[in-house]
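Chemist: Handing you this structure, nothing more for now.
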Amino acid sequence: MTLPNAAASGPSPSQGVMLITTGLLVQLEEDEILGVVGHEFSHLKGRDTLVFFGLSSIEYLLRVYVTWPLVMYFGLFYFYLYSFVALGLVYFIAKFFEGKSDLEAAKVLGQPKILAEALTKIGFQRLQLERLPSYRIMEWIGWDPHPPIYFRVDQLERLEAPEKLERPLVQSIKNNIRGFLGALG
């Protein structure tokens with residue numbers, strides 16, 4: 001069986017491309033597919049792929065031109081520590097844009113619970129692992145641009161008036177930081 005998934009890439013909505021797997025089309029209802037497409041279109045509209053490319057490029061330049069030359073003075077451990085922390089930070093920032101896309105799709109479509117249902121179906125196996133507290137923390141600090149699915153579903157299910165949402169990115173940043181701190185205990 002093909003896994004349900006979707007992705008968007010490209011510099012802008014007019015020059016972007018969206019991938020939707022057959023598994024997603026088979027396993028989700030039409031309104032859930034629309035929610036996922038709305039999420040992916042939000043990435044294109046917000047030029048999120050360019051933001052992530054920029055973050056990754058800055059991190060790479062810092063690693064190669066600043067951190068690597070300092071290895072002679074501080075040792076290889078410093079380089080590994082920098083790489084772990086810097087990449088973790090890049091991926092943590094990327095989580096803000098995933099949350100923003102969830103919120104924007106919910107705002108435009110006016111049905112946040114439908115997107116929450118779609119995410120539950122798409123990430124069913126991952127949700128089972130996220131029941132373990134130690135796994136929840138790893139989901140937050142791991143090198144994955146997506147926040148944990150339990151968090152995304154909860155964020156959408158709590159959204160009472162999506163049409164009143166003013167600044168989805170700012171709200172996503174706040175929600176993600178609260179979610180991370182909540183996972184820490």
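Lettering and numbering for the structure tokens are positional, with chains as A, B, ... in the shown order, residues counted from 1 in each chain, and ligands counted from 1 in the shown order.
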What parts of range 15-121 of chain A does DSSP call strand (DSSP E)? I'd like the answer as a PyMOL selection string.
Modeler: chain A and resi 17-20
Chemist: Using only C-alpha atoms, which protein or nucleic acid residues come within 12 Å of Leu34 in chain A? Drop anything in the same chain fewer than 2 positions from it, and give the result as a ChimeraX atom specification.
Modeler: /A:6,20,24-25,28-32,36-41,105-106,108-112,114-115,117-118
Chemist: Restricting the calculation to only C-alpha atoms: of A:Tyr82, A:Leu184, A:Val51, A:Ser172, which residue gets closest to Ser134 in chain A?
Modeler: A:Leu184
Chemist: What is the distance, in Å and to one decimal place, between CA of Glu160 in chain A and CA of Lys100 in chain A?
Modeler: 16.0 Å
Chemist: DSSP on the backbone: which residues in chain A end up as alpha helix (DSSP H)? Give the answer as an NGL selection string.
Modeler: :A and (22-27 or 30-45 or 48-62 or 71-74 or 76-109 or 112-122 or 124-129 or 133-141 or 149-157 or 168-184)
Chemist: Using C-alpha atoms, can you write the selected residues to a file as a short mmCIF file (atom, residue, chain, number, x, y, z; two decimals), in the first residue's frame?
Modeler:
data_model
loop_
_atom_site.label_atom_id
_atom_site.label_comp_id
_atom_site.auth_asym_id
_atom_site.auth_seq_id
_atom_site.Cartn_x
_atom_site.Cartn_y
_atom_site.Cartn_z
CA THR A 22 -1.93 7.76 -4.56
CA GLY A 23 -2.11 6.60 -0.96
CA LEU A 24 -3.34 10.02 0.10
CA LEU A 25 -5.99 10.06 -2.62
CA VAL A 26 -7.21 6.59 -1.66
CA GLN A 27 -7.15 6.87 2.13
CA GLU A 30 -12.32 14.71 -0.49
CA ASP A 31 -12.54 17.44 2.16
CA GLU A 32 -9.45 16.02 3.90
CA ILE A 33 -7.54 16.04 0.61
CA LEU A 34 -8.58 19.66 0.15
CA GLY A 35 -7.19 20.44 3.62
CA VAL A 36 -3.85 18.83 2.77
CA VAL A 37 -3.70 20.65 -0.58
CA GLY A 38 -4.48 23.90 1.29
CA HIS A 39 -1.59 23.19 3.66
CA GLU A 40 0.82 22.57 0.78
CA PHE A 41 -0.41 25.59 -1.16
CA SER A 42 0.24 27.72 1.93
CA HIS A 43 3.89 26.64 1.71
CA LEU A 44 4.03 27.80 -1.90
CA LYS A 45 2.17 31.05 -1.21
CA ASP A 48 8.46 28.58 2.68
CA THR A 49 10.81 26.47 0.56
CA LEU A 50 12.89 29.58 -0.13
CA VAL A 51 12.96 30.41 3.58
CA PHE A 52 14.13 26.89 4.43
CA PHE A 53 16.71 27.04 1.64
CA GLY A 54 17.97 30.36 3.01
CA LEU A 55 18.21 29.03 6.57
CA SER A 56 20.02 25.92 5.38
CA SER A 57 22.40 27.97 3.24
CA ILE A 58 23.30 30.32 6.09
CA GLU A 59 23.91 27.35 8.40
CA TYR A 60 26.10 25.67 5.76
CA LEU A 61 28.19 28.82 5.22
CA LEU A 62 28.67 29.23 8.98
CA VAL A 71 38.35 22.94 14.67
CA MET A 72 42.14 23.37 14.92
CA TYR A 73 41.71 25.41 18.10
CA PHE A 74 38.72 23.74 19.76
CA LEU A 76 36.47 18.04 16.40
CA PHE A 77 34.01 17.78 19.27
CA TYR A 78 33.27 21.52 18.87
CA PHE A 79 32.43 20.96 15.19
CA TYR A 80 30.06 18.10 15.99
CA LEU A 81 28.44 20.06 18.80
CA TYR A 82 27.95 23.08 16.53
CA SER A 83 26.49 20.89 13.77
CA PHE A 84 24.06 19.19 16.13
CA VAL A 85 22.84 22.45 17.69
CA ALA A 86 22.74 24.48 14.46
CA LEU A 87 20.87 21.86 12.44
CA GLY A 88 18.50 21.31 15.35
CA LEU A 89 17.78 25.04 15.39
CA VAL A 90 17.20 25.18 11.63
CA TYR A 91 14.73 22.31 11.82
CA PHE A 92 13.04 23.80 14.89
CA ILE A 93 12.48 27.07 13.00
CA ALA A 94 11.10 25.06 10.07
CA LYS A 95 8.44 23.69 12.45
CA PHE A 96 7.07 27.24 12.73
CA PHE A 97 6.32 27.24 9.00
CA GLU A 98 4.63 23.84 9.14
CA GLY A 99 2.36 25.09 11.90
CA LYS A 100 1.72 28.28 9.94
CA SER A 101 0.63 26.25 6.92
CA ASP A 102 -1.74 24.22 9.07
CA LEU A 103 -3.28 27.40 10.49
CA GLU A 104 -3.53 29.13 7.10
CA ALA A 105 -5.21 26.11 5.51
CA ALA A 106 -7.66 25.98 8.43
CA LYS A 107 -8.33 29.71 8.06
CA VAL A 108 -8.94 29.61 4.31
CA LEU A 109 -11.04 26.44 4.37
CA PRO A 112 -9.57 22.97 11.07
CA LYS A 113 -10.95 19.67 12.37
CA ILE A 114 -11.01 18.23 8.84
CA LEU A 115 -7.28 18.88 8.43
CA ALA A 116 -6.73 17.41 11.91
CA GLU A 117 -8.51 14.23 10.77
CA ALA A 118 -6.35 14.09 7.64
CA LEU A 119 -3.17 14.44 9.71
CA THR A 120 -4.37 11.69 12.04
CA LYS A 121 -4.81 9.35 9.09
CA ILE A 122 -1.53 10.33 7.44
CA PHE A 124 -1.28 7.13 12.32
CA GLN A 125 1.87 5.06 12.91
CA ARG A 126 3.83 8.05 14.16
CA LEU A 127 1.01 8.97 16.53
CA GLN A 128 1.36 5.57 18.17
CA LEU A 129 5.02 6.26 18.93
CA PRO A 133 7.06 10.84 26.48
CA SER A 134 10.68 10.25 25.45
CA TYR A 135 9.66 9.97 21.80
CA ARG A 136 7.71 13.23 22.04
CA ILE A 137 10.84 15.09 23.06
CA MET A 138 12.81 13.52 20.20
CA GLU A 139 10.09 14.67 17.78
CA TRP A 140 10.70 18.24 18.88
CA ILE A 141 14.51 18.25 18.78
CA ILE A 149 1.56 15.09 14.79
CA TYR A 150 -0.15 14.98 18.19
CA PHE A 151 0.72 18.68 18.56
CA ARG A 152 -0.49 19.63 15.08
CA VAL A 153 -3.77 17.77 15.55
CA ASP A 154 -4.28 19.38 18.96
CA GLN A 155 -3.47 22.85 17.57
CA LEU A 156 -6.11 22.42 14.86
CA GLU A 157 -8.75 20.90 17.10
CA PRO A 168 -0.68 32.59 11.47
CA LEU A 169 3.14 32.59 11.56
CA VAL A 170 3.29 34.49 14.85
CA GLN A 171 0.62 32.22 16.33
CA SER A 172 2.52 29.16 15.08
CA ILE A 173 5.76 30.35 16.68
CA LYS A 174 4.01 30.83 20.02
CA ASN A 175 2.22 27.47 19.76
CA ASN A 176 5.41 25.60 18.83
CA ILE A 177 7.41 27.08 21.68
CA ARG A 178 4.62 26.23 24.13
CA GLY A 179 4.37 22.72 22.69
CA PHE A 180 8.12 22.17 23.01
CA LEU A 181 8.20 23.44 26.59
CA GLY A 182 5.19 21.29 27.41
CA ALA A 183 6.97 18.20 26.09
CA LEU A 184 9.93 18.93 28.36
#
